[in-house]
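Text of coords.cif (mmCIF, C-alpha atoms) as supplied:
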```cif
data_entry
loop_
_atom_site.label_atom_id
_atom_site.label_comp_id
_atom_site.auth_asym_id
_atom_site.auth_seq_id
_atom_site.Cartn_x
_atom_site.Cartn_y
_atom_site.Cartn_z
CA MET A 1 60.23 29.74 140.72
CA LYS A 2 63.99 30.25 140.90
CA ASN A 3 64.25 29.47 137.19
CA ILE A 4 61.56 32.04 136.38
CA LYS A 5 63.46 34.69 138.42
CA TYR A 6 66.71 33.75 136.67
CA ILE A 7 65.12 34.03 133.21
CA ILE A 8 63.56 37.43 134.06
CA SER A 9 66.93 38.67 135.39
CA LEU A 10 68.71 37.46 132.26
CA ILE A 11 66.18 39.22 129.99
CA LEU A 12 66.58 42.51 131.91
CA THR A 13 70.39 42.28 131.72
CA ILE A 14 70.35 41.68 127.98
CA SER A 15 67.89 44.55 127.53
CA PHE A 16 70.18 46.87 129.52
CA PHE A 17 73.21 46.15 127.34
CA VAL A 18 71.22 46.42 124.12
CA GLY A 19 69.76 49.74 125.28
CA CYS A 20 73.25 51.09 126.10
CA GLU A 21 74.76 50.50 122.68
CA LYS A 22 76.30 53.74 121.32
CA GLU A 23 74.90 55.34 118.22
CA THR A 24 77.41 55.65 115.43
CA TYR A 25 77.79 58.56 113.04
CA GLU A 26 79.51 58.69 109.71
CA PHE A 27 80.90 61.64 107.78
CA GLY A 28 80.64 59.86 104.50
CA ASP A 29 83.52 59.80 102.07
CA LEU A 30 86.31 62.34 102.67
CA ILE A 31 86.87 63.82 99.24
CA THR A 32 89.68 66.27 98.51
CA PRO A 33 88.67 69.22 96.29
CA THR A 34 90.38 69.10 92.90
CA ASN A 35 90.74 71.25 89.79
CA ILE A 36 90.74 74.57 91.60
CA VAL A 37 90.54 77.51 89.21
CA ILE A 38 91.02 81.19 90.18
CA ASN A 39 89.46 83.44 87.53
CA THR A 40 90.46 87.12 87.62
CA GLU A 41 89.25 90.11 85.64
CA ILE A 42 91.33 93.25 86.22
CA VAL A 43 88.95 96.14 85.68
CA GLY A 44 89.97 98.30 82.72
CA GLN A 45 92.64 95.89 81.51
CA SER A 46 93.55 96.28 77.84
CA THR A 47 96.54 96.09 75.53
CA ASN A 48 97.44 99.66 76.45
CA PHE A 49 96.69 99.15 80.15
CA PRO A 50 97.70 95.57 81.02
CA ASP A 51 97.53 96.27 84.77
CA GLY A 52 94.07 97.83 84.68
CA ASP A 53 92.63 101.33 84.64
CA GLY A 54 94.14 102.44 87.96
CA SER A 55 91.03 101.74 90.02
CA GLY A 56 92.74 98.72 91.61
CA LEU A 57 89.55 96.68 91.18
CA VAL A 58 89.74 92.97 90.35
CA LYS A 59 86.74 90.67 89.91
CA ILE A 60 87.51 87.21 91.27
CA SER A 61 85.65 83.92 91.00
CA VAL A 62 86.78 80.52 92.25
CA THR A 63 85.63 77.05 91.19
CA ALA A 64 86.65 73.52 92.15
CA ASN A 65 85.35 69.99 92.06
CA ASN A 66 83.97 68.64 95.36
CA ALA A 67 84.42 71.94 97.24
CA ILE A 68 81.92 72.95 99.92
CA THR A 69 83.40 76.35 100.75
CA TYR A 70 86.42 78.56 100.04
CA HIS A 71 88.78 80.81 101.97
CA ILE A 72 90.76 83.55 100.22
CA GLY A 73 93.65 85.86 101.07
CA TYR A 74 95.69 88.55 99.34
CA ASN A 75 99.19 89.93 99.75
CA LYS A 76 101.82 91.79 97.83
CA LEU A 77 104.21 89.18 96.55
CA GLU A 78 107.09 90.29 98.80
CA ASP A 79 104.78 90.10 101.85
CA TYR A 80 103.40 86.66 101.07
CA GLY A 81 104.27 85.27 104.51
CA ASN A 82 101.71 87.58 106.11
CA VAL A 83 98.68 86.31 104.19
CA SER A 84 95.41 86.32 106.16
CA LEU A 85 92.53 84.16 104.94
CA ALA A 86 88.81 84.92 105.11
CA VAL A 87 85.68 83.07 104.03
CA LEU A 88 84.70 83.64 100.38
CA PRO A 89 80.90 83.28 100.21
CA GLY A 90 79.74 81.81 96.92
CA GLY A 91 83.29 81.78 95.58
CA VAL A 92 82.87 85.27 94.08
CA THR A 93 84.14 88.70 95.13
CA THR A 94 85.49 92.02 93.88
CA LYS A 95 88.74 93.07 95.54
CA LYS A 96 90.16 96.61 95.54
CA PHE A 97 93.96 96.62 95.68
CA THR A 98 95.15 99.93 97.06
CA ASP A 99 98.93 100.17 97.23
CA PRO A 100 99.94 103.08 94.94
CA GLY A 101 101.50 102.30 91.60
CA THR A 102 101.77 98.91 89.91
CA ASN A 103 102.27 95.96 92.24
CA VAL A 104 102.23 92.17 91.97
CA TYR A 105 99.77 90.52 94.35
CA ARG A 106 99.35 86.87 95.24
CA ILE A 107 95.83 85.49 95.61
CA THR A 108 95.67 82.41 97.84
CA VAL A 109 92.60 80.16 97.81
CA VAL A 110 91.90 77.20 100.09
CA ALA A 111 89.04 74.93 98.98
CA PHE A 112 87.39 72.77 101.66
CA GLY A 113 85.64 69.46 101.04
CA THR A 114 83.75 67.09 103.33
CA GLY A 115 85.20 66.58 106.79
CA GLY A 116 87.34 69.72 106.49
CA ILE A 117 89.79 68.18 104.05
CA SER A 118 91.30 70.89 101.85
CA SER A 119 93.54 71.79 98.95
CA ASN A 120 94.91 75.16 97.85
CA LEU A 121 96.07 77.22 94.90
CA THR A 122 97.76 80.59 94.38
CA LYS A 123 97.69 83.04 91.49
CA ASP A 124 99.85 86.14 90.95
CA ILE A 125 98.43 89.23 89.23
CA SER A 126 99.81 92.69 88.46
CA VAL A 127 97.46 95.57 89.32
CA ARG A 128 97.78 99.34 89.08
CA SER A 129 96.23 101.70 91.63
CA ASP A 130 96.12 105.46 91.07
CA PHE A 131 95.07 107.48 94.09
CA VAL A 132 95.35 111.17 94.88
CA PRO A 133 94.41 112.03 98.47
CA ASP A 134 92.38 115.09 99.38
CA PRO A 135 94.94 117.93 99.70
CA ALA A 136 93.28 119.03 102.94
CA ILE A 137 94.15 115.66 104.52
CA VAL A 138 97.79 115.93 103.44
CA THR A 139 98.06 119.49 104.77
CA ALA A 140 96.41 118.66 108.09
CA LEU A 141 98.71 115.65 108.67
CA THR A 142 102.04 117.06 107.44
CA ASN A 143 101.63 120.86 107.42
CA GLU A 144 103.02 120.55 103.86
CA SER A 145 106.48 119.85 105.30
CA SER A 146 106.45 118.10 108.68
CA LYS A 147 104.23 117.82 111.72
CA THR A 148 104.51 115.82 114.94
CA TRP A 149 101.59 114.17 116.71
CA VAL A 150 100.99 112.37 120.04
CA VAL A 151 98.16 110.28 121.48
CA ASP A 152 95.76 112.72 123.16
CA ALA A 153 95.45 111.48 126.74
CA SER A 154 93.28 114.47 127.67
CA VAL A 155 90.14 113.26 125.87
CA PRO A 156 87.87 110.26 126.56
CA GLY A 157 88.08 107.54 123.94
CA HIS A 158 91.64 108.35 122.84
CA PHE A 159 92.10 104.57 122.75
CA GLY A 160 89.39 101.97 122.21
CA VAL A 161 88.50 98.61 120.78
CA ALA A 162 85.60 97.02 118.88
CA PRO A 163 85.08 94.00 116.63
CA TRP A 164 86.71 94.12 113.20
CA ASP A 165 83.38 94.52 111.49
CA ASN A 166 82.78 97.12 108.80
CA ALA A 167 79.28 97.71 110.14
CA VAL A 168 80.88 98.93 113.39
CA TYR A 169 82.96 102.12 113.43
CA SER A 170 83.15 103.13 117.07
CA PRO A 171 84.84 101.45 120.09
CA ILE A 172 81.80 99.59 121.43
CA TRP A 173 83.78 97.03 123.46
CA TRP A 174 85.97 99.38 125.48
CA SER A 175 87.00 103.03 125.48
CA ALA A 176 89.80 104.63 127.53
CA GLY A 177 89.13 107.37 130.03
CA VAL A 178 91.23 110.51 130.35
CA ASN A 179 94.86 109.64 131.20
CA GLU A 180 93.83 106.01 131.66
CA LYS A 181 97.23 104.50 130.74
CA VAL A 182 99.43 106.99 132.63
CA ALA A 183 99.93 104.76 135.68
CA CYS A 184 100.73 101.54 133.84
CA CYS A 185 102.03 102.57 130.43
CA ASN A 186 102.97 106.24 130.19
CA CYS A 187 105.09 105.47 127.10
CA PHE A 188 101.77 105.46 125.26
CA TYR A 189 101.63 109.24 125.72
CA THR A 190 105.32 110.19 125.43
CA ALA A 191 105.93 108.59 122.00
CA THR A 192 105.83 111.06 119.09
CA PHE A 193 104.90 110.49 115.44
CA LYS A 194 106.41 112.88 112.90
CA PHE A 195 104.82 112.86 109.44
CA VAL A 196 106.98 114.36 106.69
CA LYS A 197 106.13 115.44 103.15
CA SER A 198 109.19 115.82 100.92
CA PRO A 199 109.58 118.33 98.06
CA SER A 200 109.18 115.39 95.66
CA ASN A 201 105.78 114.59 97.21
CA SER A 202 106.88 111.39 98.97
CA PHE A 203 106.03 110.73 102.60
CA SER A 204 107.78 109.33 105.66
CA LEU A 205 107.00 108.68 109.32
CA THR A 206 109.54 108.96 112.13
CA VAL A 207 108.66 107.51 115.53
CA ASN A 208 110.47 108.61 118.67
CA ALA A 209 109.64 106.41 121.67
CA PRO A 210 111.92 107.58 124.52
CA ASP A 211 110.14 105.42 127.10
CA GLY A 212 109.55 102.46 124.80
CA VAL A 213 106.54 101.31 122.82
CA PHE A 214 103.15 100.41 124.27
CA THR A 215 102.48 96.97 122.79
CA LYS A 216 101.71 93.32 123.22
CA THR A 217 104.55 90.84 122.68
CA GLY A 218 105.49 87.83 120.56
CA ASN A 219 103.58 87.45 117.31
CA LEU A 220 101.12 90.13 118.49
CA SER A 221 103.69 92.81 117.65
CA ASN A 222 105.33 93.33 114.28
CA LEU A 223 107.93 95.79 115.59
CA PRO A 224 111.62 94.88 115.76
CA GLY A 225 113.15 93.94 119.10
CA ILE A 226 109.93 93.15 120.98
CA PRO A 227 110.29 90.11 123.31
CA GLY A 228 108.68 86.81 122.39
CA SER A 229 106.50 86.79 125.49
CA GLY A 230 105.24 89.09 128.22
CA SER A 231 102.24 91.17 129.20
CA GLU A 232 100.98 94.23 127.36
CA GLY A 233 103.07 97.22 128.47
CA CYS A 234 105.97 99.54 127.66
CA TYR A 235 108.99 97.88 126.02
CA SER A 236 112.22 99.85 125.80
CA GLU A 237 113.68 97.34 123.30
CA TYR A 238 112.07 99.57 120.69
CA SER A 239 112.88 103.28 120.82
CA GLY A 240 111.83 104.43 117.37
CA GLY A 241 112.38 104.21 113.64
CA THR A 242 111.61 105.69 110.24
CA SER A 243 109.68 104.31 107.30
CA SER A 244 107.89 105.53 104.23
CA PHE A 245 104.14 105.73 104.03
CA ASN A 246 101.50 106.42 101.41
CA PHE A 247 97.92 107.55 101.31
CA ILE A 248 95.62 104.87 99.90
CA PRO A 249 91.86 104.53 99.43
CA ALA A 250 90.47 102.92 102.59
CA SER A 251 89.83 99.23 102.00
CA THR A 252 87.09 98.71 104.61
CA GLY A 253 84.01 100.09 102.89
CA ILE A 254 82.91 102.19 105.87
CA PRO A 255 80.32 104.77 104.70
CA VAL A 256 81.43 108.23 103.63
CA GLY A 257 79.77 109.93 106.58
CA ASN A 258 81.89 107.93 109.02
CA SER A 259 85.26 107.99 107.24
CA THR A 260 87.39 110.17 105.00
CA GLN A 261 87.74 107.10 102.72
CA THR A 262 91.52 107.54 103.02
CA SER A 263 94.09 105.48 104.92
CA ILE A 264 97.73 105.86 105.92
CA LYS A 265 99.60 102.75 104.70
CA LEU A 266 103.00 102.23 106.35
CA GLY A 267 105.83 101.06 104.14
CA ASP A 268 107.12 98.52 106.66
CA PHE A 269 106.92 97.54 110.31
CA ASN A 270 109.82 99.67 111.54
CA THR A 271 107.23 102.21 112.62
CA TYR A 272 103.73 102.31 114.09
CA ILE A 273 101.14 104.89 115.14
CA GLY A 274 100.00 104.98 118.76
CA TYR A 275 99.90 101.29 119.67
CA GLY A 276 102.39 98.59 118.73
CA SER A 277 100.05 95.66 118.10
CA LEU A 278 98.42 96.82 114.90
CA GLN A 279 98.41 96.13 111.16
CA ASP A 280 99.82 98.64 108.66
CA GLU A 281 96.68 100.36 107.28
CA TYR A 282 95.33 103.17 109.47
CA GLU A 283 91.99 104.46 108.22
CA ILE A 284 91.49 108.17 108.84
CA LEU A 285 87.96 108.51 110.19
CA GLU A 286 88.35 112.24 110.89
CA ILE A 287 91.15 114.78 110.56
CA ASN A 288 91.73 118.50 110.91
CA PRO A 289 94.86 120.50 111.83
CA ASN A 290 94.29 119.77 115.54
CA TYR A 291 92.85 116.26 115.59
CA ILE A 292 93.20 112.82 114.01
CA TYR A 293 90.85 109.90 114.63
CA LEU A 294 92.17 106.55 113.32
CA ARG A 295 90.77 103.03 112.98
CA VAL A 296 93.05 100.05 112.37
CA GLN A 297 92.90 96.27 112.51
CA GLY A 298 94.82 94.68 115.36
CA THR A 299 97.34 91.87 115.17
CA GLU A 300 94.55 89.96 116.89
CA THR A 301 92.65 90.21 113.63
CA GLY A 302 89.16 90.08 115.15
CA ASN A 303 89.76 93.48 116.79
CA SER A 304 89.62 97.03 115.47
CA TRP A 305 91.47 99.69 117.48
CA TYR A 306 90.71 103.41 117.66
CA LEU A 307 93.22 106.19 118.32
CA LYS A 308 92.86 109.94 118.80
CA LEU A 309 95.94 112.10 118.29
CA LYS A 310 96.75 115.79 118.69
CA PRO A 311 99.70 117.93 117.59
CA ALA A 312 102.70 117.67 119.92
CA GLN A 313 103.47 120.78 121.95
#
```

Would you mind writing the file's structure down as structure tokens?
Amino acid sequence: MKNIKYIISLILTISFFVGCEKETYEFGDLITPTNIVINTEIVGQSTNFPDGDGSGLVKISVTANNAITYHIGYNKLEDYGNVSLAVLPGGVTTKKFTDPGTNVYRITVVAFGTGGISSNLTKDISVRSDFVPDPAIVTALTNESSKTWVVDASVPGHFGVAPWDNAVYSPIWWSAGVNEKVACCNCFYTATFKFVKSPSNSFSLTVNAPDGVFTKTGNLSNLPGIPGSGSEGCYSEYSGGTSSFNFIPASTGIPVGNSTQTSIKLGDFNTYIGYGSLQDEYEILEINPNYIYLRVQGTETGNSWYLKLKPAQ
């Protein structure tokens, strides 16, 4: 009887260990994508117009051996360090380059294979973009010489945030109430933004921030002098600056009824408009001589920020 009990116990023990064996999973072979090719067709390119027809449009297709998906990014050659990558579905896209004049851009492609293993390639192209903004926009912003603006604390929604999604063009995540930042960050309302149109039809922006800039810190601000760490707030290390700007066709694709299709593109990061943790293209959703409504991608690139400004008194 004891032997029978021992045998039964032994069988149950063996069954327990067999039943507890871990399942194993395999990714298969990890294969690096090879032979990446970036094909570009600059719209309107010809012998007479080697940089295209001025539309700024470039048709792009990417191929590679053993690639599952692609990411792509674009930057002017001198700004290459700021490249931001996005998924390229199907390896095909049409990109509109918008900086005025003829500029050299670098296209960066990362091809991903099995298990996330990747390889990359860059290609430089020269593209021309001709853009003439609506004269009414220029006049409203600059008064044909100069005009100074401030964030309009007196209206709801003068500051807001939403996802960076071109199907969304209102601050659905959060919207500021009247005077909401006065107690914590009054510098948001005391900074002024002077837009100047020169006799030669060039443009500049001068920022005066007597109480500092309202911003995040570290790599979430592109402005000079901002500390490497700290909470969002007013930072007196930045008190203002001047840079050029241009009007460019808005790059987002927001429908005409919700945008002027025109953006303000800052020449560098010595200046900003409204909030210090933003990129350099401010899409003008609405504008008249007494009101500007802007949308801009944040330095946290999943966010779009909204700003309402009024003429300074």

Next item on the list: Quick one: apply the PyMOL selection byres ((chain A and resi 272-286) around 6) to the file and drop the selected residues here as a ChimeraX atom specification.
Entry: /A:214-216,220-221,259-260,262-266,271,287,292-299

Item checked: Computed interatomic separation between CA of Thr93 in chain A and CA of Gly54 in chain A (Å) -> 18.4 Å

Margin query: Please list as an MDAnalysis selection string every residue within 8 Å of range 142-159 of chain A, counting all atoms listed in the file and excluding residues in the same chain fewer than 3 positions away.
Written below: chainID A and resid 138:139 171 175:180 188:198 274 305:312

Checklist line | Straight-line distance linking CA of Thr122 in chain A with CA of Thr98 in chain A, stated in Å to one decimal | finding: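 CA of Thr98 in chain A lies at a distance of 19.7 Å from CA of Thr122 in chain A.
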
Margin query: Given only C-alpha atoms as the basis, pick out the residue of A:Phe269, A:Lys95, A:Ile60, A:Asn75 nearest to Ile226 in chain A.
Written below: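 Closest residue, counting only C-alpha atoms: A:Phe269.
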
Written as an mmCIF file with C-alpha atoms, keeping the file's coordinate frame, which residues does the PyMOL selection byres ((chain A and resi 37) around 12) give for the file shown?
```cif
data_model
loop_
_atom_site.group_PDB
_atom_site.id
_atom_site.type_symbol
_atom_site.label_atom_id
_atom_site.label_comp_id
_atom_site.auth_asym_id
_atom_site.auth_seq_id
_atom_site.Cartn_x
_atom_site.Cartn_y
_atom_site.Cartn_z
ATOM 1 C CA PRO A 33 88.670 69.220 96.290
ATOM 2 C CA THR A 34 90.380 69.100 92.900
ATOM 3 C CA ASN A 35 90.740 71.250 89.790
ATOM 4 C CA ILE A 36 90.740 74.570 91.600
ATOM 5 C CA ILE A 38 91.020 81.190 90.180
ATOM 6 C CA ASN A 39 89.460 83.440 87.530
ATOM 7 C CA THR A 40 90.460 87.120 87.620
ATOM 8 C CA ILE A 60 87.510 87.210 91.270
ATOM 9 C CA SER A 61 85.650 83.920 91.000
ATOM 10 C CA VAL A 62 86.780 80.520 92.250
ATOM 11 C CA THR A 63 85.630 77.050 91.190
ATOM 12 C CA ALA A 64 86.650 73.520 92.150
ATOM 13 C CA ASN A 65 85.350 69.990 92.060
ATOM 14 C CA ALA A 67 84.420 71.940 97.240
ATOM 15 C CA TYR A 70 86.420 78.560 100.040
ATOM 16 C CA GLY A 91 83.290 81.780 95.580
ATOM 17 C CA VAL A 92 82.870 85.270 94.080
ATOM 18 C CA ILE A 107 95.830 85.490 95.610
ATOM 19 C CA THR A 108 95.670 82.410 97.840
ATOM 20 C CA VAL A 109 92.600 80.160 97.810
ATOM 21 C CA VAL A 110 91.900 77.200 100.090
ATOM 22 C CA ALA A 111 89.040 74.930 98.980
ATOM 23 C CA SER A 119 93.540 71.790 98.950
ATOM 24 C CA ASN A 120 94.910 75.160 97.850
ATOM 25 C CA LEU A 121 96.070 77.220 94.900
ATOM 26 C CA THR A 122 97.760 80.590 94.380
ATOM 27 C CA LYS A 123 97.690 83.040 91.490
#
```

Next item on the list: Take the point (88.8, 87.0, 102.1) in the file's coordinates, draw a sphere of radius 8 Å around it, and report as a list in words every protein, DNA or RNA residue with an atom inside or on it, counting only C-alpha atoms.
Entry: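 Neighbouring residues, ordered by chain and number, come to His71, Ile72, Gly73, Tyr74, Ser84, Leu85, Ala86, Val87 and Leu88 of chain A.
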
Notebook entry, point to check: Counting only C-alpha atoms, what is within 9 Å of Lys76 in chain A, bar same-chain residues fewer than 4 positions away, as number ranges by chain?
Noted result: A: 80, 83, 99, 103-107

Next item on the list: Find, counting all atoms listed in the file, the residue in A:Cys234, A:Ile31, A:Leu77, A:Val127 that gets nearest to Pro50 in chain A.
Entry: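 When distances to Pro50 in chain A are compared using all atoms listed in the file, the smallest one comes from A:Val127.
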
Check: Could you state the separation of CA of Lys59 in chain A and CA of Glu41 in chain A in Å, given to one decimal place?
Finding: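 Here the two named atoms are 5.0 Å from each other.
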
Next item on the list: Could you give me, as a ChimeraX atom specification, the residues within 8 Å of Ala162 in chain A, counting all atoms listed in the file and dropping anything in the same chain fewer than 2 positions from it?
Entry: /A:160,164,168-174,303-305

Which residues of range 36-134 of chain A have any atom within 12 Å of an atom in range 237-252 of chain A when counting all atoms listed in the file, and what is the closest pair of atoms for each, with the distance in Å to one decimal? Order the rows by chain and rising number and write it as a tab-separated table.
```
residue	atom	partner	partner_atom	distance
A:Gly54	CA	A:Pro249	CA	11.9
A:Ser55	CA	A:Pro249	CA	9.8
A:Gly56	CA	A:Pro249	CA	9.8
A:Leu57	CA	A:Ser251	CA	11.1
A:Thr94	CA	A:Ser251	CA	11.7
A:Lys95	CA	A:Ser251	CA	9.0
A:Lys96	CA	A:Ser251	CA	7.0
A:Phe97	CA	A:Ser251	CA	8.0
A:Thr98	CA	A:Ile248	CA	5.7
A:Asp99	CA	A:Ile248	CA	6.3
A:Pro100	CA	A:Ile248	CA	6.8
A:Gly101	CA	A:Ile248	CA	10.5
A:Ser129	CA	A:Ile248	CA	8.9
A:Asp130	CA	A:Ile248	CA	8.9
A:Phe131	CA	A:Ile248	CA	6.4
A:Val132	CA	A:Phe247	CA	7.8
A:Pro133	CA	A:Phe247	CA	6.4
A:Asp134	CA	A:Phe247	CA	9.6
```

Any chance you could export range 234-255 of chain A with C-alpha atoms, as a PDB file, in the first residue's frame?
```pdb
ATOM      1  CA  CYS A 234       8.250  82.609 -15.554  1.00  0.00           C
ATOM      2  CA  TYR A 235      12.014  82.641 -16.188  1.00  0.00           C
ATOM      3  CA  SER A 236      13.821  85.977 -16.071  1.00  0.00           C
ATOM      4  CA  GLU A 237      16.924  84.442 -17.711  1.00  0.00           C
ATOM      5  CA  TYR A 238      15.231  85.402 -20.962  1.00  0.00           C
ATOM      6  CA  SER A 239      14.100  89.008 -21.340  1.00  0.00           C
ATOM      7  CA  GLY A 240      13.610  89.288 -25.088  1.00  0.00           C
ATOM      8  CA  GLY A 241      15.202  89.190 -28.508  1.00  0.00           C
ATOM      9  CA  THR A 242      14.782  89.902 -32.204  1.00  0.00           C
ATOM     10  CA  SER A 243      14.641  87.582 -35.181  1.00  0.00           C
ATOM     11  CA  SER A 244      13.405  87.568 -38.739  1.00  0.00           C
ATOM     12  CA  PHE A 245      10.233  85.815 -39.754  1.00  0.00           C
ATOM     13  CA  ASN A 246       8.426  84.924 -42.952  1.00  0.00           C
ATOM     14  CA  PHE A 247       4.928  84.064 -44.013  1.00  0.00           C
ATOM     15  CA  ILE A 248       4.676  80.517 -45.364  1.00  0.00           C
ATOM     16  CA  PRO A 249       1.837  78.288 -46.554  1.00  0.00           C
ATOM     17  CA  ALA A 250       0.584  76.355 -43.522  1.00  0.00           C
ATOM     18  CA  SER A 251       1.976  72.828 -43.549  1.00  0.00           C
ATOM     19  CA  THR A 252      -0.770  71.116 -41.534  1.00  0.00           C
ATOM     20  CA  GLY A 253      -3.525  70.640 -44.085  1.00  0.00           C
ATOM     21  CA  ILE A 254      -6.263  72.032 -41.836  1.00  0.00           C
ATOM     22  CA  PRO A 255      -9.340  72.867 -43.976  1.00  0.00           C
TER      23      PRO A 255
END
```
